[in-house]
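Raw my_file29.txt, compact mmCIF, C-alpha atoms:
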```txt
# COMPACT_ATOMS: atom_id res chain seq x y z
CA MET M 1 -2.55 -14.45 11.07
CA SER M 2 -5.64 -12.67 9.76
CA SER M 3 -5.71 -9.91 7.13
CA PHE M 4 -4.78 -6.45 8.38
CA SER M 5 -4.62 -2.82 7.30
CA THR M 6 -2.09 -0.28 8.59
CA PRO M 7 -0.28 2.94 7.66
CA ALA M 8 3.20 2.07 6.41
CA ILE M 9 6.43 3.39 4.92
CA ILE M 10 8.61 1.28 2.65
CA LEU M 11 12.08 0.73 4.07
CA ARG M 12 13.53 -1.63 1.49
CA ARG M 13 12.52 -3.72 -1.50
CA ILE M 14 14.20 -6.81 -2.93
CA ASP M 15 13.58 -8.44 -6.31
CA PHE M 16 11.87 -11.80 -5.94
CA GLY M 17 11.62 -13.67 -9.19
CA ASP M 18 10.82 -11.92 -12.45
CA TYR M 19 7.80 -9.92 -11.33
CA ASP M 20 7.48 -9.87 -7.55
CA LEU M 21 9.17 -8.02 -4.72
CA ILE M 22 9.81 -8.71 -1.07
CA ILE M 23 9.16 -5.39 0.67
CA ASN M 24 10.23 -4.42 4.17
CA PHE M 25 7.57 -2.08 5.53
CA PHE M 26 7.76 0.02 8.66
CA THR M 27 4.15 0.04 9.83
CA LEU M 28 2.38 2.03 12.50
CA ASN M 29 0.44 -0.92 13.93
CA LYS M 30 2.78 -3.88 13.49
CA GLY M 31 6.29 -2.46 13.44
CA LYS M 32 8.62 -3.80 10.75
CA ILE M 33 7.15 -6.49 8.51
CA SER M 34 8.20 -8.22 5.30
CA VAL M 35 5.60 -9.01 2.65
CA ILE M 36 5.39 -10.42 -0.84
CA ALA M 37 4.20 -7.84 -3.38
CA LYS M 38 3.00 -9.19 -6.71
CA SER M 39 4.33 -7.08 -9.63
CA ALA M 40 4.94 -4.17 -7.26
CA LYS M 41 6.71 -1.03 -8.39
CA LYS M 42 5.97 1.33 -5.47
CA SER M 43 8.44 4.03 -4.44
CA VAL M 44 10.56 3.78 -1.32
CA PHE M 45 9.83 6.35 1.44
CA SER M 46 6.26 7.05 0.29
CA GLY M 47 3.60 7.02 3.00
CA LEU M 48 1.06 4.30 2.25
CA GLU M 49 -2.00 2.56 3.66
CA ILE M 50 -1.44 -1.16 3.05
CA VAL M 51 -3.72 -4.18 3.24
CA CYS M 52 -2.08 -7.59 3.63
CA SER M 53 -3.42 -11.13 3.76
CA PRO M 54 -1.76 -14.17 5.33
CA GLY M 55 0.65 -16.22 3.26
CA ARG M 56 0.17 -19.94 2.95
CA GLY M 57 1.87 -21.98 5.63
CA LYS M 58 4.94 -20.15 6.90
CA ARG M 59 5.21 -17.88 3.89
CA LEU M 60 5.31 -14.11 4.16
CA PRO M 61 2.06 -12.10 4.16
CA VAL M 62 0.91 -11.00 0.71
CA LEU M 63 0.38 -7.32 -0.12
CA GLN M 64 -3.17 -6.93 -1.46
CA GLU M 65 -3.54 -3.15 -1.63
CA ALA M 66 -1.29 -0.11 -1.26
CA THR M 67 -2.94 3.31 -1.26
CA LEU M 68 -0.60 6.27 -1.63
CA LYS M 69 -1.14 8.78 1.19
CA GLN M 70 2.10 10.82 1.28
CA PRO M 71 4.11 10.68 -1.98
CA PHE M 72 7.01 12.86 -0.75
CA SER M 73 7.58 13.58 -4.44
CA THR M 74 9.97 16.50 -3.89
CA SER M 75 12.37 14.34 -1.89
CA ARG M 76 12.27 11.52 -4.43
CA ALA M 77 13.46 13.96 -7.12
CA ASP M 78 16.48 15.11 -5.10
CA ILE M 79 19.46 12.73 -4.85
CA VAL M 80 20.79 14.28 -1.63
CA LYS M 81 17.40 13.94 0.08
CA ILE M 82 17.16 10.35 -1.16
CA ALA M 83 20.58 9.70 0.38
CA TYR M 84 19.52 11.04 3.78
CA ALA M 85 16.22 9.15 3.74
CA SER M 86 18.05 5.96 2.71
CA TYR M 87 20.40 6.28 5.68
CA TRP M 88 17.56 6.76 8.16
CA ALA M 89 15.63 3.85 6.65
CA GLU M 90 18.63 1.52 6.87
CA LEU M 91 19.16 2.34 10.56
CA ILE M 92 15.53 1.48 11.27
CA ASN M 93 15.56 -1.65 9.12
CA VAL M 94 18.68 -3.04 10.81
CA TRP M 95 17.73 -2.15 14.38
CA MET M 96 14.05 -3.10 14.48
CA GLU M 97 12.81 -6.59 15.22
CA ASP M 98 10.13 -7.98 12.92
CA GLY M 99 6.61 -7.55 14.20
CA LYS M 100 7.51 -5.28 17.13
CA LYS M 101 5.37 -2.16 17.27
CA GLN M 102 7.36 1.09 17.58
CA VAL M 103 4.96 4.02 17.36
CA GLN M 104 7.46 6.68 18.48
CA ILE M 105 10.04 5.72 15.87
CA TYR M 106 7.35 5.49 13.19
CA GLN M 107 6.15 9.00 14.05
CA LEU M 108 9.75 10.27 14.11
CA PHE M 109 10.50 8.77 10.68
CA GLN M 110 7.26 10.13 9.24
CA HIS M 111 8.04 13.57 10.68
CA VAL M 112 11.55 13.87 9.24
CA LEU M 113 10.42 12.56 5.85
CA ARG M 114 7.64 15.15 5.75
CA GLU M 115 10.00 17.98 6.78
CA LEU M 116 12.61 16.78 4.29
CA ASP M 117 10.02 16.95 1.53
CA LEU M 118 8.80 20.42 2.55
CA GLY M 119 12.36 21.73 2.46
CA TYR M 120 12.02 24.41 5.15
CA MET M 121 14.55 22.81 7.49
CA PRO M 122 18.13 21.98 6.46
CA GLN M 123 18.53 18.27 5.75
CA GLU M 124 21.64 18.17 7.96
CA THR M 125 19.56 19.45 10.88
CA LEU M 126 16.89 16.84 10.20
CA SER M 127 19.52 14.11 10.19
CA ILE M 128 20.81 15.22 13.59
CA ILE M 129 17.26 15.37 14.95
CA PHE M 130 16.45 11.92 13.59
CA GLN M 131 19.62 10.26 14.87
CA ILE M 132 19.68 11.76 18.38
CA ARG M 133 16.00 10.98 18.96
CA PHE M 134 16.29 7.54 17.34
CA ILE M 135 19.05 6.51 19.75
CA LYS M 136 17.13 7.96 22.69
CA ILE M 137 13.96 6.00 21.86
CA SER M 138 16.05 2.91 21.12
CA GLY M 139 17.66 3.08 24.55
CA PHE M 140 21.34 3.62 23.75
CA CYS M 141 21.59 7.41 23.90
CA PRO M 142 24.86 8.54 25.52
CA ASP M 143 25.03 10.76 28.58
CA LEU M 144 26.28 14.13 27.35
CA THR M 145 26.00 15.85 30.73
CA GLN M 146 29.14 14.51 32.46
CA CYS M 147 32.42 12.63 32.11
CA GLY M 148 31.66 8.93 31.89
CA ASN M 149 34.65 8.11 34.09
CA CYS M 150 34.94 10.61 36.97
CA ARG M 151 31.37 11.99 36.63
CA ILE M 152 32.47 15.62 36.59
CA LYS M 153 29.75 17.77 35.01
CA VAL M 154 30.25 19.32 31.57
CA GLU M 155 29.97 22.80 33.09
CA GLU M 156 33.00 22.06 35.28
CA ILE M 157 35.25 20.79 32.49
CA LYS M 158 37.69 23.57 31.68
CA LYS M 159 38.48 22.83 28.05
CA GLY M 160 36.18 24.30 25.41
CA ARG M 161 36.15 21.10 23.33
CA ILE M 162 35.44 17.83 25.12
CA ALA M 163 36.41 14.35 23.96
CA PHE M 164 33.75 11.71 23.32
CA ASP M 165 34.84 8.05 23.49
CA ILE M 166 33.01 6.26 20.65
CA VAL M 167 33.70 2.78 22.05
CA LYS M 168 32.59 3.48 25.62
CA GLY M 169 29.83 5.81 24.45
CA CYS M 170 30.53 8.66 26.85
CA LEU M 171 32.23 12.02 27.28
CA ILE M 172 35.75 11.94 28.70
CA CYS M 173 37.20 14.97 30.48
CA ASP M 174 40.81 16.05 29.88
CA ARG M 175 41.97 14.48 33.18
CA CYS M 176 40.55 11.05 32.22
CA SER M 177 41.47 11.14 28.54
CA SER M 178 44.28 9.06 27.02
CA PRO M 179 45.89 9.01 23.55
CA ALA M 180 44.61 5.47 22.93
CA LEU M 181 40.94 6.47 22.97
CA ASP M 182 38.91 6.35 19.76
CA LYS M 183 37.48 9.82 20.26
CA ILE M 184 35.69 12.70 18.62
CA TYR M 185 35.68 16.24 19.99
CA LEU M 186 32.53 18.21 20.72
CA SER M 187 32.37 21.87 21.66
CA ARG M 188 30.23 22.97 24.58
CA GLY M 189 27.82 24.68 22.19
CA THR M 190 27.33 21.49 20.18
CA ILE M 191 26.69 19.46 23.33
CA LYS M 192 24.15 22.03 24.50
CA GLN M 193 22.28 21.93 21.18
CA LEU M 194 22.30 18.11 21.06
CA LEU M 195 20.82 17.98 24.57
CA TRP M 196 18.16 20.49 23.51
CA VAL M 197 17.13 18.25 20.60
CA GLU M 198 17.13 15.16 22.82
CA SER M 199 15.03 16.64 25.62
CA GLY M 200 12.06 18.33 23.94
CA ASP M 201 9.26 17.24 21.64
CA LEU M 202 9.66 17.22 17.86
CA LYS M 203 8.09 20.65 17.44
CA LYS M 204 10.53 22.09 19.96
CA ALA M 205 13.48 20.31 18.31
CA GLY M 206 12.47 21.76 14.95
CA ARG M 207 12.94 25.32 16.23
CA ILE M 208 16.66 24.90 16.81
CA ARG M 209 19.14 26.69 14.56
CA PHE M 210 22.43 24.81 14.57
CA THR M 211 25.63 26.78 14.13
CA LYS M 212 27.96 25.66 11.34
CA THR M 213 30.28 24.16 13.96
CA ALA M 214 27.43 22.29 15.65
CA LEU M 215 26.24 20.87 12.32
CA SER M 216 29.72 19.66 11.43
CA GLU M 217 30.51 18.22 14.88
CA GLY M 218 27.01 16.83 15.40
CA LEU M 219 26.94 14.92 12.11
CA LYS M 220 30.47 13.61 12.56
CA PHE M 221 29.67 12.44 16.09
CA LEU M 222 26.32 10.79 15.30
CA GLU M 223 27.43 9.21 12.03
CA ALA M 224 30.25 7.54 13.98
CA PHE M 225 28.40 6.70 17.20
CA VAL M 226 25.10 5.35 15.83
CA PRO M 227 26.51 2.79 13.34
CA TYR M 228 29.17 1.66 15.85
CA HIS M 229 26.62 0.89 18.56
CA LEU M 230 24.27 -0.75 16.08
CA GLY M 231 27.19 -2.95 15.00
CA MET M 232 26.89 -2.07 11.33
CA ALA M 233 28.59 -0.17 8.53
CA PRO M 234 25.64 1.29 6.58
CA LYS M 235 26.08 1.21 2.80
CA SER M 236 23.68 4.15 2.68
CA LEU M 237 26.00 6.24 4.87
CA LYS M 238 28.88 5.73 2.45
CA PHE M 239 26.56 6.76 -0.37
CA LEU M 240 25.37 9.79 1.61
CA ARG M 241 28.92 10.97 2.21
CA GLN M 242 29.78 10.59 -1.47
CA ILE M 243 26.69 12.51 -2.57
CA ARG M 244 27.03 15.15 0.10
CA GLY M 245 30.65 15.72 -0.90
CA THR M 246 31.49 17.38 2.41
CA ASP M 247 34.51 15.80 4.06
CA ASP M 248 34.28 18.27 6.93
CA TYR M 249 31.46 16.13 8.35
CA VAL M 250 33.46 12.92 8.37
```
Just give me the structure as structure tokens.
Amino acid sequence: MSSFSTPAIILRRIDFGDYDLIINFFTLNKGKISVIAKSAKKSVFSGLEIVCSPGRGKRLPVLQEATLKQPFSTSRADIVKIAYASYWAELINVWMEDGKKQVQIYQLFQHVLRELDLGYMPQETLSIIFQIRFIKISGFCPDLTQCGNCRIKVEEIKKGRIAFDIVKGCLICDRCSSPALDKIYLSRGTIKQLLWVESGDLKKAGRIRFTKTALSEGLKFLEAFVPYHLGMAPKSLKFLRQIRGTDDYV
């Protein structure tokens, strides 16, 4: 592998010896990569331009340069924002294969980090936007338009709150529901707002104003569905819930 330069965001860093780090970068041009950084003390979630050279033999590439492009300094001074960014980063780090380019997810992550730092949009809204679009790009977004069993459309389901089966990953109407299901309930308004976020571009998604009910239901739904279907229990999500201190979301 030859030397390369690419925009990147740090996902994770691990101590390696007394002075070095192994850093997991999410890069625009090469997807997720792991590199050796000599005496590195860079901040997680900063936007960088990195230059790497090949490692010897089968060793990891070596980080030669890291130019700070987007410091996101406001977010890094706020523990709640750090908790949200850590959760998003862990989802990406676990899901992505090494060396697989994912431009849409990179742009999504960069967008929510920038908006988180600016502070104009509620961080709960940003987390819903990130998660719903992350699962859509990743290919495991649930169908929120109909019952996953009998295919009746949401508009035809009589009850105001509709069950979602976390295991099967689909809505279940009242006729198909059973007490044994591992389910979460979503109101029609929440479903409508989630579909709005899923369907449009990021600029369109950013114009949405979630109701308090939609924020609560949306976060509870996504923070259960996404980790389950990734097959993981994110440590960062536990930390986020502790920092957020809002049991109504969980």
Counting all atoms listed in the file, the option among M:Ile22, M:Leu48, M:Leu91, M:Ile105 closest to Thr6 in chain M:
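Ranked by minimum distance to Thr6 in chain M, first place goes to M:Leu48.
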Would you pick out the contacts of Val51 in chain M at 10 Å or less, using only C-alpha atoms, so that residues sharing its chain but fewer than 4 positions from it are not included, and give the list as a list in words?
Ser3, Phe4, Ser5, Thr6, Pro7, Ala8, Pro61, Val62, Leu63, Gln64, Glu65, Ala66 and Thr67 of chain M
Nearest residue to Gly47 in chain M out of M:Ser127, M:Ser73, M:Ser236, M:Ser178, using all atoms listed in the file?
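So, comparing all the options, the nearest one is M:Ser73.
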Grab the CA of Lys212 in chain M to CA of Gly189 in chain M distance for me, in Å with one decimal place.
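Separating CA of Lys212 in chain M from CA of Gly189 in chain M is a distance of 10.9 Å.
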Within 10 Å of range 119-122 of chain M, counting all atoms listed in the file, which residues show up once you throw out same-chain ones fewer than 2 positions away? Write them as a PDB file with C-alpha atoms, in the frame of the given file, please.
```
ATOM      1  CA  THR M  74       9.970  16.500  -3.890  1.00  0.00           C
ATOM      2  CA  SER M  75      12.370  14.340  -1.890  1.00  0.00           C
ATOM      3  CA  LYS M  81      17.400  13.940   0.080  1.00  0.00           C
ATOM      4  CA  VAL M 112      11.550  13.870   9.240  1.00  0.00           C
ATOM      5  CA  LEU M 113      10.420  12.560   5.850  1.00  0.00           C
ATOM      6  CA  ARG M 114       7.640  15.150   5.750  1.00  0.00           C
ATOM      7  CA  GLU M 115      10.000  17.980   6.780  1.00  0.00           C
ATOM      8  CA  LEU M 116      12.610  16.780   4.290  1.00  0.00           C
ATOM      9  CA  ASP M 117      10.020  16.950   1.530  1.00  0.00           C
ATOM     10  CA  GLU M 124      21.640  18.170   7.960  1.00  0.00           C
ATOM     11  CA  THR M 125      19.560  19.450  10.880  1.00  0.00           C
ATOM     12  CA  LEU M 126      16.890  16.840  10.200  1.00  0.00           C
ATOM     13  CA  SER M 127      19.520  14.110  10.190  1.00  0.00           C
ATOM     14  CA  GLY M 206      12.470  21.760  14.950  1.00  0.00           C
ATOM     15  CA  ARG M 207      12.940  25.320  16.230  1.00  0.00           C
ATOM     16  CA  ILE M 208      16.660  24.900  16.810  1.00  0.00           C
ATOM     17  CA  ARG M 209      19.140  26.690  14.560  1.00  0.00           C
ATOM     18  CA  PHE M 210      22.430  24.810  14.570  1.00  0.00           C
TER      19      PHE M 210
END
```
Within 12 Å of Asp201 in chain M using all atoms listed in the file, minus same-chain residues under 2 positions, as a CSV table (one decimal) with C-alpha atoms, in the frame of the given file:
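Now in selection-v5.csv:
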```csv
chain,number,residue,atom,x,y,z
M,104,GLN,CA,7.5,6.7,18.5
M,107,GLN,CA,6.2,9.0,14.0
M,108,LEU,CA,9.8,10.3,14.1
M,111,HIS,CA,8.0,13.6,10.7
M,129,ILE,CA,17.3,15.4,15.0
M,133,ARG,CA,16.0,11.0,19.0
M,195,LEU,CA,20.8,18.0,24.6
M,196,TRP,CA,18.2,20.5,23.5
M,197,VAL,CA,17.1,18.2,20.6
M,198,GLU,CA,17.1,15.2,22.8
M,199,SER,CA,15.0,16.6,25.6
M,203,LYS,CA,8.1,20.6,17.4
M,204,LYS,CA,10.5,22.1,20.0
M,205,ALA,CA,13.5,20.3,18.3
M,206,GLY,CA,12.5,21.8,15.0
M,207,ARG,CA,12.9,25.3,16.2
M,208,ILE,CA,16.7,24.9,16.8
```
Enter the distance from CA of Asp18 in chain M to CA of Ile36 in chain M, in Å, rounded to one decimal.
12.9 Å
Could you tell me how far CA of Leu171 in chain M lies from CA of Asp143 in chain M, in Å and to one decimal?
7.4 Å
Counting only C-alpha atoms, what is within 6 Å of Asp20 in chain M, bar same-chain residues fewer than 3 positions away, as a list in words?
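Counting only the stated atoms, we get Phe16, Gly17, Ala37, Lys38 and Ser39 of chain M.
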Can you tell me which residues surround range 159-164 of chain M at a distance of at most 6 Å, considering only C-alpha atoms, apart from same-chain residues fewer than 3 positions away, and format the answer as number ranges by chain?
M: 170-172, 183-187
